[in-house]
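J.: Got a structure for you, written out below as structure tokens; questions coming shortly.
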Amino acid sequence: MQKLLLYIITLIMVVSTSAFAGASFKSKIGVHIIANYTPGTQKMVRARMPVLKILDLHKPMTDAARDYKKYNPDGIVVLRCYTPVKYTLKDNPKETAEIYWNTFFQPQIDKLDEADRDIIDYIEGTNEIGECPTWEDKKSIQWFTTFSLQFIKLCKREGYKPCLASIPVGNPSGNPSEVKQKIQQYARALRAAKKAGGAWSYHSYTIEYTTDLKVEYWYSLRYRMFYEAFKGPYKDLADMPLILTEGGVDYRGNKDTDGWSGRGTAEQYQTWLKWFDSEIKKDKYVLGAALFQNGDQHGWKSFDLEPLADWFVEYWNR
């Protein structure tokens, strides 16, 4: 009798989870977690959020990704590996991509068993700017393009989809015309990533904590400027998948003062998030936004989402 009861309970849980996962996502907002698999994170990954980004593959991150995929098998997991490097134009970009991969990515991936390999959907390349030449000038973009093309090949070899660029808020610099030119110069890498089933990324932060479209066009919604470059000979990139692999509120990156709680109240942030979500939903090419951050309640104190975990769960599951 006890075995029968246990079987029925297990069956109900499986069916319930499957039905829950089958419902469409009502939001494009997800979360970027780092360091720890906190109680709040546990609540969040079991809700209906479309994207989870993890930092490295230590146990708390793989535990979170496993749980997320259990409850959201149709959701997206993006892996970023910590990469404390500084490459320059003097380095060969193709050879550097191999060194970069073999040093920071391959050792972590090799530790995964077959089941855990399947919980990762996209692997993100370099983080923002500073690790290597990116958007500074034509030579930098050419270097970054060659580097990215090799990174795509390495991802494909391991059976993963690449997520390129990781453009920080407010970048590439310049007026709209200059930004478009820079993005177009990178088109060769974007086309290769798209062919490989991959995506690219931007970090969507509000600097002024506003819902003014004219302001946010330069910051949290700056990616729309990029897609204006995809016309004429670049129209094949008009539906290039974009993942906003960081997002939220920031000013200058101060861990204690520049995040959402350092710049406003929970109510203000929730209001902004609802507006932001409504805007990114308008752009079909946006797969989701991973808000920074949860898991490091002390290191990134003003960015910490733990106090809002219950609100997020209610918002996602509404």
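A note on labels: chains of the structure tokens are A, B, ... as shown, every chain counts residues from 1, and ligands are counted from 1 in their shown order.
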Got a sec: who's within 9 Å of Pro50 of chain A, counting only C-alpha atoms, leaving out chain neighbours fewer than 6 positions off, as a VMD selection string?

T.: chain A and resid 25 to 31 72 74 to 77 287 to 290

J.: Based on the backbone DSSP call, show me all residues of segment 115-235 of chain A assigned strand (DSSP E or B), as a ChimeraX atom specification.

T.: /A:122-124,161-167,199-206

J.: Give me the residues near Ile152 of chain A as a PDB file with N, CA, C and O atoms, in the first residue's frame, where near means some atom within 10 Å (using only C-alpha atoms) and where sequence neighbours in that chain fewer than 4 positions away do not count.

T.:
```
ATOM      1  N   ALA A  97      42.045  32.445 -29.043  1.00  0.00           N
ATOM      2  CA  ALA A  97      40.754  31.804 -28.771  1.00  0.00           C
ATOM      3  C   ALA A  97      40.961  30.364 -28.312  1.00  0.00           C
ATOM      4  O   ALA A  97      40.272  29.885 -27.398  1.00  0.00           O
ATOM      5  N   ILE A 123      27.072  28.858 -24.352  1.00  0.00           N
ATOM      6  CA  ILE A 123      28.290  29.239 -23.650  1.00  0.00           C
ATOM      7  C   ILE A 123      28.669  30.651 -24.083  1.00  0.00           C
ATOM      8  O   ILE A 123      28.845  30.920 -25.272  1.00  0.00           O
ATOM      9  N   GLY A 125      31.023  33.903 -24.405  1.00  0.00           N
ATOM     10  CA  GLY A 125      32.451  34.116 -24.623  1.00  0.00           C
ATOM     11  C   GLY A 125      33.028  35.129 -23.660  1.00  0.00           C
ATOM     12  O   GLY A 125      32.774  35.085 -22.454  1.00  0.00           O
ATOM     13  N   PHE A 147      38.639  36.224 -33.456  1.00  0.00           N
ATOM     14  CA  PHE A 147      38.584  35.508 -32.184  1.00  0.00           C
ATOM     15  C   PHE A 147      37.226  34.823 -32.018  1.00  0.00           C
ATOM     16  O   PHE A 147      37.143  33.647 -31.650  1.00  0.00           O
ATOM     17  N   SER A 148      36.156  35.558 -32.302  1.00  0.00           N
ATOM     18  CA  SER A 148      34.798  35.034 -32.129  1.00  0.00           C
ATOM     19  C   SER A 148      34.510  33.882 -33.074  1.00  0.00           C
ATOM     20  O   SER A 148      33.846  32.906 -32.703  1.00  0.00           O
ATOM     21  N   LYS A 156      30.943  24.595 -31.068  1.00  0.00           N
ATOM     22  CA  LYS A 156      30.310  23.574 -31.911  1.00  0.00           C
ATOM     23  C   LYS A 156      30.964  22.210 -31.721  1.00  0.00           C
ATOM     24  O   LYS A 156      30.284  21.189 -31.675  1.00  0.00           O
ATOM     25  N   ARG A 157      32.276  22.213 -31.597  1.00  0.00           N
ATOM     26  CA  ARG A 157      33.007  20.955 -31.417  1.00  0.00           C
ATOM     27  C   ARG A 157      32.552  20.218 -30.169  1.00  0.00           C
ATOM     28  O   ARG A 157      32.485  18.987 -30.139  1.00  0.00           O
ATOM     29  N   TYR A 160      27.873  22.705 -28.126  1.00  0.00           N
ATOM     30  CA  TYR A 160      27.162  23.821 -27.499  1.00  0.00           C
ATOM     31  C   TYR A 160      26.936  24.964 -28.479  1.00  0.00           C
ATOM     32  O   TYR A 160      27.660  25.114 -29.457  1.00  0.00           O
ATOM     33  N   LYS A 161      25.959  25.784 -28.145  1.00  0.00           N
ATOM     34  CA  LYS A 161      25.679  26.966 -28.947  1.00  0.00           C
ATOM     35  C   LYS A 161      26.442  28.162 -28.373  1.00  0.00           C
ATOM     36  O   LYS A 161      26.453  28.355 -27.162  1.00  0.00           O
ATOM     37  N   PRO A 162      27.074  28.957 -29.233  1.00  0.00           N
ATOM     38  CA  PRO A 162      27.834  30.108 -28.742  1.00  0.00           C
ATOM     39  C   PRO A 162      26.926  31.298 -28.451  1.00  0.00           C
ATOM     40  O   PRO A 162      25.885  31.476 -29.081  1.00  0.00           O
ATOM     41  N   CYS A 163      27.335  32.100 -27.486  1.00  0.00           N
ATOM     42  CA  CYS A 163      26.677  33.372 -27.197  1.00  0.00           C
ATOM     43  C   CYS A 163      27.768  34.443 -27.232  1.00  0.00           C
ATOM     44  O   CYS A 163      28.588  34.527 -26.321  1.00  0.00           O
ATOM     45  N   LEU A 164      27.769  35.231 -28.290  1.00  0.00           N
ATOM     46  CA  LEU A 164      28.874  36.152 -28.565  1.00  0.00           C
ATOM     47  C   LEU A 164      28.682  37.542 -27.955  1.00  0.00           C
ATOM     48  O   LEU A 164      27.586  37.933 -27.584  1.00  0.00           O
ATOM     49  N   ALA A 189      30.972  37.478 -37.768  1.00  0.00           N
ATOM     50  CA  ALA A 189      30.904  36.610 -36.596  1.00  0.00           C
ATOM     51  C   ALA A 189      29.454  36.311 -36.228  1.00  0.00           C
ATOM     52  O   ALA A 189      29.114  35.175 -35.870  1.00  0.00           O
ATOM     53  N   LEU A 190      28.588  37.299 -36.325  1.00  0.00           N
ATOM     54  CA  LEU A 190      27.175  37.095 -36.002  1.00  0.00           C
ATOM     55  C   LEU A 190      26.538  36.091 -36.952  1.00  0.00           C
ATOM     56  O   LEU A 190      25.751  35.237 -36.533  1.00  0.00           O
ATOM     57  N   ALA A 192      28.033  33.663 -38.526  1.00  0.00           N
ATOM     58  CA  ALA A 192      28.551  32.330 -38.199  1.00  0.00           C
ATOM     59  C   ALA A 192      27.874  31.788 -36.944  1.00  0.00           C
ATOM     60  O   ALA A 192      27.551  30.596 -36.867  1.00  0.00           O
ATOM     61  N   ALA A 193      27.659  32.655 -35.966  1.00  0.00           N
ATOM     62  CA  ALA A 193      26.988  32.226 -34.734  1.00  0.00           C
ATOM     63  C   ALA A 193      25.548  31.816 -35.017  1.00  0.00           C
ATOM     64  O   ALA A 193      25.063  30.803 -34.496  1.00  0.00           O
ATOM     65  N   LYS A 194      24.864  32.591 -35.841  1.00  0.00           N
ATOM     66  CA  LYS A 194      23.477  32.275 -36.193  1.00  0.00           C
ATOM     67  C   LYS A 194      23.399  30.933 -36.906  1.00  0.00           C
ATOM     68  O   LYS A 194      22.524  30.101 -36.623  1.00  0.00           O
ATOM     69  N   LYS A 195      24.323  30.690 -37.816  1.00  0.00           N
ATOM     70  CA  LYS A 195      24.362  29.425 -38.551  1.00  0.00           C
ATOM     71  C   LYS A 195      24.592  28.260 -37.599  1.00  0.00           C
ATOM     72  O   LYS A 195      24.093  27.139 -37.838  1.00  0.00           O
ATOM     73  N   ALA A 196      25.322  28.511 -36.512  1.00  0.00           N
ATOM     74  CA  ALA A 196      25.615  27.467 -35.529  1.00  0.00           C
ATOM     75  C   ALA A 196      24.501  27.330 -34.491  1.00  0.00           C
ATOM     76  O   ALA A 196      24.648  26.572 -33.527  1.00  0.00           O
ATOM     77  N   GLY A 198      23.495  29.774 -32.592  1.00  0.00           N
ATOM     78  CA  GLY A 198      23.866  30.587 -31.448  1.00  0.00           C
ATOM     79  C   GLY A 198      23.142  31.911 -31.344  1.00  0.00           C
ATOM     80  O   GLY A 198      22.162  32.179 -32.051  1.00  0.00           O
TER      81      GLY A 198
END
```

J.: Can you pull out the residues contacting Leu89 of chain A? Cut-off 8 Å, using only C-alpha atoms, and skip same-chain residues under 6 positions away; I want them as a ChimeraX atom specification.

T.: /A:132-133,139-140,143

J.: Of the candidates A:Arg318, A:His203, A:Phe312, A:Ala229, which one gets nearest to Val45 of chain A if we count only C-alpha atoms?

T.: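 Of A:Arg318, A:His203, A:Phe312, A:Ala229, the one nearest Val45 of chain A is A:Phe312, counting only C-alpha atoms.
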